[in-house]
Every structure is written in C-alpha cells, then in structure tokens.
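Chemist: First the structure, which I've put down as structure tokens, then a few questions once you've had a look.
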Amino acid sequence: MRRIIYIIAMGAIMTSSLWAQSQDSLLTRQMELDRNFNPTLLESNKINSLPTLREPVVQKANTNYSTWNVNATPPLEIAIPRAGTINTQIPYSKERGYIYLSGGNYANIDGVVGYRILDKEQDKLAVNFFHNSTNGNINYIQTIGEDKTKANVMNNMGEIKYNHYFEKIVLNTHASYLHSMYNYYGNTMGDLPQLDGNNQQVGIFNLNLGIDPTKNSQFEYRGFVDFKYFTNKYAQSFIDDPLKGNQIEAMVGFKKPYGTNDGGFGIDGNILSANYSNKDLKNYLLVAAKPYVDFRGDNWQAKLGADVLFHILGKTQIRVVPNVQLKYAPVYLNIKGGYDSNTFIDMFEESRYVLPNSIVTPSFSIVDIDGGVEITNLKGFRFDVFGGFKQTTDEHFLVMQKDAESGLTREFLTPLYNDLLHSHIGARIQSTIWSPLNVALSLKKNFYTMKDSNDNGSMEGAKAWNKPGFEADVRAELSIIEGLKLTLNYYLATDRWTYYDDSNVKMDNINDLNLGAVYQISNSFAVNLKANNILAQKYDIWYGHPAQGMNVMGGFSFKF
C-alpha cells in the first residue's frame, strides 16, 4: 500500500512538472509574438497580406544628344541627311566633320560646314559655319508701281560650342556671330524707296553659358546667361544714326524632386533686358518669378504654378498670370499667360523688314489656353484633336503703310496695334500603317476678334492682318528602294488680310507645294534635289513682299 502511494505521488510530481514546462514554453512564444508585433493599423498588414517582391526604382537614362546643329531651311530639308545623330544610335557615325551644299535658280545657295574637334565622353567641342543667300528678281503682286524687284539676302554665321559633363551637371557654352545683309524690297507703289535699294547690314554677336542637371538628385538646379550685341548699318535714312544695343537674358531654376516619376516642387527666375543706343527708344526690362509644384503618376501629370511678372518700360507694371499644365492620358490642358517682349532680336527673327530704328511695343496675354485629346498608342496611327483661346492686348500686325508726314509709301513694314481675341480648333493626324510611307496632316481653323486700334481710336471692320483664317499642312515621306527617299510638303493658308491706304485689303492665299528626293549613295555621301512652289503660285509673305516663284535646288552632303 505504501509502495502504491509512493508511485502515485511520484507520478503526480512528474505530471505537474511537465504541465508547468509546457505552460512556460507557450508563454514564451506568446511573449515573443507580443514583442515582434506592434498592434497598429500599419503592422496589421504583416498578418493580412502576402509577401511581395521589392520593386526597384527605375531612373530615366541620361540621353546625350549630338552637338551638331542643322540649318534653318524649308520643311524639305528635314529629309536631307546630316552628320548630326543621337549618340545612342547604333551604329554610331565616327565621322568628325560634314559638308552640306545646295544651290539653284534665283541664286539660292544653302550650305553648312562643321567639324567636331573633341568628341569624348566628358568633353565635346565643335565648330560650325552656316551660309544661305538669294539674289534674284521676283514679281510684285500689286499692279501699281514697278512690275518686279530684286530681293537680296545673305546670312553668314560662325559658331563654336563646348560641352563638359560633370557628375551631376553638364556645362553648355557657345559663341557665335551672325552677319546678315539684305535689301528692303517692299513695294513702294511707285514712290522712291527711302534707302534706294542699299543693303542693310545687321551684326549679332552671341555668347551663352548654361548648366543643366544630368540625372535626378536630391536637389536639381539649372540656369543660363545669354548675351547678345547687335548693330545696324542704316537707320530710316542715310543721315540718321544706326541702331546699336545689347540684350541680356538669364534664367536660374531650382527643383526638389520627390517620388519616382520626376515630380517635385521648385521655382524658376528669369530676367530679360534690352538696351538701345538711340535715346528716343526706351530700354526694356522684364523680371519673372515662377514657383510651381509638379505631381506625376504613370499616365498623368499636374504642374501647378503662377508667374509673377515685373515689367518695366518707362513705368513699372506687376502682373500675375497662371502657368498650369494638366495631362491625364490622352487629355491635356495648358493655361498660361505673359509678355511677348518684341525686342529688336525678337522682331529680327520674325521679319527683318521692320522699319529700322523702331521698337515694337510689347504685347501681353492675359490668358493663353490650349488643350485637346492626343491618341498615340494606336499601331501605325496617331491623332490629336486640339483647340485654344488667347486674349492679348497690344498685339502687333506688320503692314505696308504710307508715311504719316509725307504720305509716301516706304519699303518697310510698320506695326499696327490692336487688342486681339484669338480662338482656334484643329486636328493633327499621322499614319505609318504602311511602313515605307509616313504621312502627316494638320488642319487648323482660326477665329479672330479685333477690338481697339492705335489709329485714332476704334477702327470699324478691322481684320487680324496677315494672320491666316485657315491653315492646312501635309507632309509625306516615301522610301521606295534602299537609299532613296521621296518627300512632299504642301502648305495652304487662306483668308489673309492686310491694311493699306486706310482700308482692308484681301491677300492671295498661300498655296505652296514642294517635292524633294534624297539618295544615299554611301554612308558618307548623299545627293538631293528639291523643287519649291512647283505650282508657280504668286502670293505675298507680307503685303508688298512677294515670295519666289517655282525654284529648284540640288546639292550634296558629305561626312568625313
């Protein structure tokens, strides 16, 4: 009996020991779970979600483009092979230099020569020389005065460019000098020309220094300083002092990126200053501060900003305009505003035939809206349906006009000013369904409403002078056989008006058809031929300034 009691007691002790050991082990596991699990909403995902793979952050590649420039020529020039290629293209051309030369009737000559002195990964140095000229007789459209005139233009520009790539920024510098000679060939309607056909000479020296980021970083910054010095040979007469001056433009921008889609927030600062030697002309200054915030997703973007503008032209004006870009594929919308400064350099690029020693008044756009629907993901087909609205004060219109004092018509273009409401609708369509053929069609209908005029108050029935009511542009490129490429360009502009002798004058439509061909004989040598205005249409670029008739040019390009 005693032995049985001992056995029962020993079993009870062992059982209690095992139960205690099991309880301690379970308690330990529970305490470890409490220690690893923080009972918050974020930590609950560790239990309710499956493990996921970490997605790597993909940054955009730093694509460096060639330092070559191409000459600004008619649309068919886009098909002429040049030495400039994208550095990432395979195979990459190892040639350092190139020559392009083309000539035709009306003494039309177009040429480019360039050479890459340095072409290393971190240093690139190139020199270029551009030439284009014409010296031929063209017929006036108007029946008053002379039947034809000679239009002379000769542009020569030399340029040197240098780029240096640092770890996070690239340094861009270039210096150039443009020497331009031309005559004011506008129709004087039988009156003697002011400059008697003498060639005007304009010289523009340009020095530019800029920096750009090479890749995303914790803080991006960019900027440039651009200096131009310009001179004229003649003023409005031989006895007046010619115009000289300089233009300085600078920009600095800072951006703090966030996320993985190139979004961020930042601010850009701009300054534009134009100073003239003529004391009767007011110097110009525009200072702008442009803060913004940029949100981006996989298929959307919202850049929200406002531009604060300090405009000084005799008096100081402060304006605030929107600077908004919205895109949710395929819909996009841009809302902007601001000044068109219309400095001497600006107007020389728009038309060199503006009255010498005169400065066009800056215009201000209260609002400039454009938007549309752009479909780009269809195989072999893309289209863009767009529209917009712009409200501008002091919009300028270049016209031939009689001199207010003498009543004589001069060979220069003079500006008239009006407030303008401009709205437009249109569509762009491109098709590459059949790979050898690439066709692009653009249609645009413009609607204009003119308001006040600078000519003694309101002008009844004023038109948007020299601005087309309807535009159509067709471009096609066909590769028939290897090395041979045919091009076509057709441009139509209708409903064009000008103002002359106190009345609106209807201008002829621009109806311009061009054909071209390029044959690549070897990797280094190609020949080209093009015919412009093959319909031999007569029309004015500006009233009293006719375009050339049918003209043919041919030439070659060579890489070495």
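To be explicit about the labels: the chains of the structure tokens are called A, B, and onward in the order shown, and within each one the residues are counted from 1, while ligands get numbers from 1 in the order they are shown.
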At a cut-off of 9 Å, can you tabulate as CSV every residue of region 518-545 of chain A near region 399-402 of chain A together with its closest atom pair and the distance in Å to one decimal, using only C-alpha atoms and ordering rows by chain then number?
Modeler:
residue,atom,partner,partner_atom,distance
A:Trp542,CA,A:Val399,CA,7.0
A:Tyr543,CA,A:Met400,CA,6.3
A:Gly544,CA,A:Met400,CA,6.9
Chemist: Leaving out region 289-304 of chain A and any residue of its chain fewer than 6 positions from it, which residues lie within 6 Å of it when counting only C-alpha atoms, given as JSON, numbers by chain?
Modeler: {"A": [261, 263, 264, 265, 266, 267, 268, 269, 324, 325, 326, 327, 328, 329]}
Chemist: Which residues come within 6 Å of Glu477 (chain A), counting only C-alpha atoms, excluding same-chain residues fewer than 4 positions away, as a list in words?
Modeler: Leu437, Asn438, Leu486 and Thr487 of chain A
Chemist: My list of candidates is A:Met189, A:Ile345, A:Leu398, A:Leu178. Which is closest to Ile204 (chain A) when distances are computed with only C-alpha atoms?
Modeler: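 Selected residue with least distance to Ile204 (chain A): A:Leu178.
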Chemist: Under the rule that only C-alpha atoms are counted, which of A:Phe224, A:Phe556, A:Phe219, A:Tyr229 is the nearest residue to Phe205 (chain A)?
Modeler: A:Tyr229
Chemist: Compare A:Pro468, A:Phe397, A:Tyr182, A:Pro330 by their minimum atom-to-atom distance to Glu350 (chain A), counting only C-alpha atoms, and give me the closest one.
Modeler: A:Phe397
Chemist: Please, which residues of region 108-150 of chain A, numbered as in this document, come out strand (DSSP E or B) from DSSP, as number ranges by chain?
Modeler: A: 108-119, 123-139, 148-150
Chemist: Export, as a compact mmCIF listing (two decimals), in the first residue's frame, the selected residues with N, CA, C and O atoms.
Modeler:
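So the final result, stored in again-v1.txt, reads:
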# COMPACT_ATOMS: atom_id res chain seq x y z
N ASN A 108 19.85 80.93 -105.29
CA ASN A 108 19.65 80.38 -103.96
C ASN A 108 20.81 79.45 -103.60
O ASN A 108 21.11 78.51 -104.36
N ILE A 109 21.44 79.69 -102.48
CA ILE A 109 22.55 78.86 -102.00
C ILE A 109 22.32 78.58 -100.52
O ILE A 109 22.00 79.48 -99.75
N ASP A 110 22.51 77.34 -100.15
CA ASP A 110 22.37 76.93 -98.76
C ASP A 110 23.51 75.99 -98.43
O ASP A 110 23.70 74.97 -99.12
N GLY A 111 24.30 76.31 -97.40
CA GLY A 111 25.46 75.48 -97.09
C GLY A 111 25.78 75.46 -95.61
O GLY A 111 25.50 76.41 -94.87
N VAL A 112 26.37 74.34 -95.19
CA VAL A 112 26.81 74.15 -93.80
C VAL A 112 28.12 73.38 -93.82
O VAL A 112 28.27 72.41 -94.56
N VAL A 113 29.06 73.81 -92.97
CA VAL A 113 30.31 73.10 -92.76
C VAL A 113 30.54 72.99 -91.26
O VAL A 113 30.38 73.99 -90.54
N GLY A 114 30.88 71.80 -90.78
CA GLY A 114 31.12 71.63 -89.36
C GLY A 114 32.18 70.59 -89.07
O GLY A 114 32.43 69.70 -89.89
N TYR A 115 32.80 70.71 -87.91
CA TYR A 115 33.83 69.76 -87.51
C TYR A 115 33.83 69.62 -86.00
O TYR A 115 33.77 70.62 -85.27
N ARG A 116 33.89 68.36 -85.52
CA ARG A 116 33.98 68.08 -84.09
C ARG A 116 35.45 67.96 -83.70
O ARG A 116 36.11 66.97 -84.02
N ILE A 117 35.96 68.95 -83.03
CA ILE A 117 37.36 68.93 -82.61
C ILE A 117 37.56 67.94 -81.48
O ILE A 117 38.53 67.19 -81.45
N LEU A 118 36.65 67.95 -80.50
CA LEU A 118 36.66 67.00 -79.39
C LEU A 118 35.34 66.25 -79.37
O LEU A 118 34.28 66.85 -79.52
N ASP A 119 35.41 64.95 -79.17
CA ASP A 119 34.19 64.15 -79.07
C ASP A 119 34.42 63.03 -78.06
O ASP A 119 34.34 61.86 -78.38
N ASP A 123 33.99 65.66 -72.71
CA ASP A 123 34.28 66.92 -73.39
C ASP A 123 33.90 66.83 -74.85
O ASP A 123 34.30 65.88 -75.54
N LYS A 124 33.14 67.84 -75.30
CA LYS A 124 32.74 67.91 -76.70
C LYS A 124 32.96 69.34 -77.18
O LYS A 124 32.46 70.30 -76.57
N LEU A 125 33.68 69.48 -78.28
CA LEU A 125 33.98 70.78 -78.85
C LEU A 125 33.74 70.72 -80.36
O LEU A 125 34.26 69.83 -81.03
N ALA A 126 32.92 71.64 -80.87
CA ALA A 126 32.57 71.63 -82.29
C ALA A 126 32.54 73.05 -82.83
O ALA A 126 32.23 74.01 -82.11
N VAL A 127 32.89 73.20 -84.11
CA VAL A 127 32.78 74.48 -84.81
C VAL A 127 31.89 74.27 -86.03
O VAL A 127 31.92 73.22 -86.67
N ASN A 128 31.08 75.28 -86.33
CA ASN A 128 30.15 75.21 -87.46
C ASN A 128 30.13 76.54 -88.19
O ASN A 128 30.33 77.60 -87.59
N PHE A 129 29.85 76.46 -89.49
CA PHE A 129 29.67 77.66 -90.30
C PHE A 129 28.44 77.46 -91.18
O PHE A 129 28.30 76.43 -91.84
N PHE A 130 27.54 78.45 -91.17
CA PHE A 130 26.29 78.37 -91.91
C PHE A 130 26.23 79.51 -92.93
O PHE A 130 26.65 80.64 -92.65
N HIS A 131 25.69 79.21 -94.10
CA HIS A 131 25.51 80.22 -95.14
C HIS A 131 24.21 79.96 -95.88
O HIS A 131 23.90 78.81 -96.22
N ASN A 132 23.43 80.99 -96.09
CA ASN A 132 22.33 80.92 -97.05
C ASN A 132 22.14 82.29 -97.68
O ASN A 132 22.34 83.33 -97.04
N SER A 133 21.80 82.29 -98.95
CA SER A 133 21.70 83.54 -99.69
C SER A 133 20.77 83.38 -100.87
O SER A 133 20.50 82.27 -101.34
N THR A 134 20.26 84.52 -101.34
CA THR A 134 19.46 84.59 -102.56
C THR A 134 19.67 85.95 -103.19
O THR A 134 19.95 86.94 -102.50
N ASN A 135 19.55 86.01 -104.51
CA ASN A 135 19.77 87.27 -105.23
C ASN A 135 19.08 87.17 -106.59
O ASN A 135 19.72 87.02 -107.63
N GLY A 136 17.75 87.23 -106.56
CA GLY A 136 17.02 87.04 -107.80
C GLY A 136 15.84 87.99 -107.92
O GLY A 136 15.37 88.56 -106.93
N ASN A 137 15.37 88.18 -109.15
CA ASN A 137 14.23 89.04 -109.41
C ASN A 137 12.93 88.30 -109.13
O ASN A 137 12.76 87.13 -109.53
N ILE A 138 12.01 88.97 -108.47
CA ILE A 138 10.69 88.40 -108.22
C ILE A 138 9.64 89.44 -108.58
O ILE A 138 9.89 90.65 -108.55
N ASN A 139 8.45 88.97 -108.94
CA ASN A 139 7.39 89.84 -109.45
C ASN A 139 6.48 90.30 -108.31
O ASN A 139 6.10 89.51 -107.45
N LYS A 148 8.51 94.27 -111.03
CA LYS A 148 9.34 93.30 -110.33
C LYS A 148 10.45 94.01 -109.57
O LYS A 148 10.71 95.20 -109.76
N THR A 149 11.12 93.26 -108.72
CA THR A 149 12.20 93.81 -107.92
C THR A 149 13.22 92.70 -107.65
O THR A 149 12.93 91.52 -107.86
N LYS A 150 14.38 93.08 -107.18
CA LYS A 150 15.41 92.12 -106.80
C LYS A 150 15.46 92.01 -105.29
O LYS A 150 15.56 93.01 -104.59
Chemist: Provide the CA of Ser351 (chain A) to CA of His545 (chain A) distance in Å, to one decimal place.
Modeler: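 Separating CA of Ser351 (chain A) from CA of His545 (chain A) is a distance of 11.0 Å.
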Chemist: Provide the CA of Arg352 (chain A) to CA of Gly461 (chain A) distance in Å, to one decimal place.
Modeler: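 These atoms are spaced 28.6 Å apart.
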Chemist: Using only C-alpha atoms, can you tell me which of A:Thr409, A:Tyr284, A:Ala404, A:Thr392 comes closest to Gly145 (chain A)?
Modeler: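 Checking each candidate against Gly145 (chain A), we get A:Thr409 as the closest.
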Chemist: What does the distance from CA of Leu285 (chain A) to CA of His174 (chain A) come to in Å, to one decimal?
Modeler: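 A separation of 24.2 Å between them.
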Chemist: Among region 328-491 of chain A, which ones does DSSP assign to helix (DSSP H, G or I) (computed from the backbone)? Answer as a ChimeraX atom specification.
Modeler: /A:344-350
Chemist: Which polymer residues have any atom within 10 Å of an atom of Ser237 (chain A), counting only C-alpha atoms, with same-chain residues fewer than 2 positions away left out, as an mmCIF file with N, CA and C atoms, in the first residue's frame?
Modeler:
data_model
loop_
_atom_site.group_PDB
_atom_site.id
_atom_site.type_symbol
_atom_site.label_atom_id
_atom_site.label_comp_id
_atom_site.auth_asym_id
_atom_site.auth_seq_id
_atom_site.Cartn_x
_atom_site.Cartn_y
_atom_site.Cartn_z
ATOM 1 N N GLN A 194 13.173 104.713 -99.629
ATOM 2 C CA GLN A 194 13.905 105.544 -98.672
ATOM 3 C C GLN A 194 15.406 105.259 -98.723
ATOM 4 N N LEU A 195 15.790 103.993 -98.777
ATOM 5 C CA LEU A 195 17.212 103.615 -98.777
ATOM 6 C C LEU A 195 17.717 103.287 -100.167
ATOM 7 N N ASP A 196 16.900 103.521 -101.182
ATOM 8 C CA ASP A 196 17.327 103.400 -102.578
ATOM 9 C C ASP A 196 17.924 102.023 -102.885
ATOM 10 N N TYR A 234 22.204 100.960 -91.357
ATOM 11 C CA TYR A 234 21.371 102.095 -91.728
ATOM 12 C C TYR A 234 20.208 102.251 -90.758
ATOM 13 N N ALA A 235 19.790 103.519 -90.584
ATOM 14 C CA ALA A 235 18.551 103.814 -89.876
ATOM 15 C C ALA A 235 17.451 104.009 -90.919
ATOM 16 N N ILE A 239 21.121 109.642 -93.182
ATOM 17 C CA ILE A 239 21.719 110.635 -92.291
ATOM 18 C C ILE A 239 21.466 110.322 -90.809
ATOM 19 N N ASP A 240 20.514 109.462 -90.498
ATOM 20 C CA ASP A 240 20.228 109.121 -89.110
ATOM 21 C C ASP A 240 21.260 108.133 -88.588
ATOM 22 N N ASP A 241 21.484 108.185 -87.277
ATOM 23 C CA ASP A 241 22.418 107.251 -86.653
ATOM 24 C C ASP A 241 21.813 105.853 -86.611
ATOM 25 N N PRO A 242 22.586 104.842 -86.983
ATOM 26 C CA PRO A 242 22.074 103.463 -86.943
ATOM 27 C C PRO A 242 21.869 102.991 -85.511
ATOM 28 N N PRO A 356 13.470 100.357 -89.698
ATOM 29 C CA PRO A 356 14.694 100.456 -88.886
ATOM 30 C C PRO A 356 14.554 101.494 -87.776
ATOM 31 N N ASN A 357 15.336 101.282 -86.699
ATOM 32 C CA ASN A 357 15.348 102.193 -85.551
ATOM 33 C C ASN A 357 13.968 102.381 -84.928
#
Chemist: Contacts between region 528-537 of chain A and region 90-125 of chain A, please, where a residue of region 90-125 of chain A counts if it comes within 12 Å (with only C-alpha atoms); show its shortest atom pair and distance in Å to one decimal, rows by chain and ascending number, as a tab-separated table.
Modeler:
residue	atom	partner	partner_atom	distance
A:Tyr100	CA	A:Asn528	CA	10.2
A:Leu101	CA	A:Asn528	CA	9.7
A:Ser102	CA	A:Asn528	CA	8.1
A:Gly103	CA	A:Leu529	CA	9.6
A:Gly104	CA	A:Lys530	CA	9.5
A:Asn105	CA	A:Ala531	CA	10.5
A:Tyr106	CA	A:Asn532	CA	11.9
A:Asn108	CA	A:Asn532	CA	11.6
Chemist: With only C-alpha atoms as the basis for distance, which of A:Ala472, A:Val331, A:Leu421, A:Ile312 is at the shortest distance from Ile366 (chain A)?
Modeler: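 Among the listed residues, A:Leu421 lies closest to Ile366 (chain A).
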Chemist: Between A:Asn511, A:Val518, A:Thr414, A:Tyr276, which residue has the minimum interatomic distance to Lys538 (chain A), considering only C-alpha atoms?
Modeler: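 Checking each candidate against Lys538 (chain A), we get A:Asn511 as the closest.
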Chemist: Which neighbours of Val360 (chain A) fall inside 9 Å, counting only C-alpha atoms, when residues of the same chain fewer than 6 positions from it are skipped, and could you give them as a list in words?
Modeler: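 Contacts, with the query itself left out: Ser341, Asn342, Thr343, Phe344, Met347, His396, Thr414 and Pro415 of chain A.
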Chemist: Can you write out the residues you just picked, keeping N, CA, C and O atoms, as an mmCIF file, in the first residue's frame?
Modeler:
data_model
loop_
_atom_site.group_PDB
_atom_site.id
_atom_site.type_symbol
_atom_site.label_atom_id
_atom_site.label_comp_id
_atom_site.auth_asym_id
_atom_site.auth_seq_id
_atom_site.Cartn_x
_atom_site.Cartn_y
_atom_site.Cartn_z
ATOM 1 N N SER A 341 7.941 90.107 -75.558
ATOM 2 C CA SER A 341 8.743 91.306 -75.346
ATOM 3 C C SER A 341 8.956 92.116 -76.616
ATOM 4 O O SER A 341 9.098 93.343 -76.569
ATOM 5 N N ASN A 342 9.021 91.454 -77.794
ATOM 6 C CA ASN A 342 9.169 92.134 -79.087
ATOM 7 C C ASN A 342 10.386 93.047 -79.130
ATOM 8 O O ASN A 342 10.329 94.185 -79.620
ATOM 9 N N THR A 343 11.512 92.558 -78.591
ATOM 10 C CA THR A 343 12.758 93.316 -78.663
ATOM 11 C C THR A 343 13.283 93.326 -80.098
ATOM 12 O O THR A 343 12.716 92.694 -80.995
ATOM 13 N N PHE A 344 14.376 94.024 -80.316
ATOM 14 C CA PHE A 344 14.970 94.081 -81.650
ATOM 15 C C PHE A 344 15.298 92.675 -82.146
ATOM 16 O O PHE A 344 15.025 92.336 -83.307
ATOM 17 N N MET A 347 12.059 90.764 -83.150
ATOM 18 C CA MET A 347 11.461 91.202 -84.405
ATOM 19 C C MET A 347 12.349 90.881 -85.598
ATOM 20 O O MET A 347 11.844 90.627 -86.698
ATOM 21 N N HIS A 396 0.652 93.084 -82.226
ATOM 22 C CA HIS A 396 1.161 93.855 -83.360
ATOM 23 C C HIS A 396 0.868 93.136 -84.677
ATOM 24 O O HIS A 396 0.852 91.908 -84.740
ATOM 25 N N THR A 414 5.614 98.360 -91.061
ATOM 26 C CA THR A 414 5.364 99.084 -89.821
ATOM 27 C C THR A 414 4.304 98.350 -89.007
ATOM 28 O O THR A 414 3.414 97.704 -89.571
ATOM 29 N N PRO A 415 4.358 98.450 -87.674
ATOM 30 C CA PRO A 415 3.390 97.741 -86.845
ATOM 31 C C PRO A 415 2.140 98.578 -86.573
ATOM 32 O O PRO A 415 2.211 99.773 -86.323
#
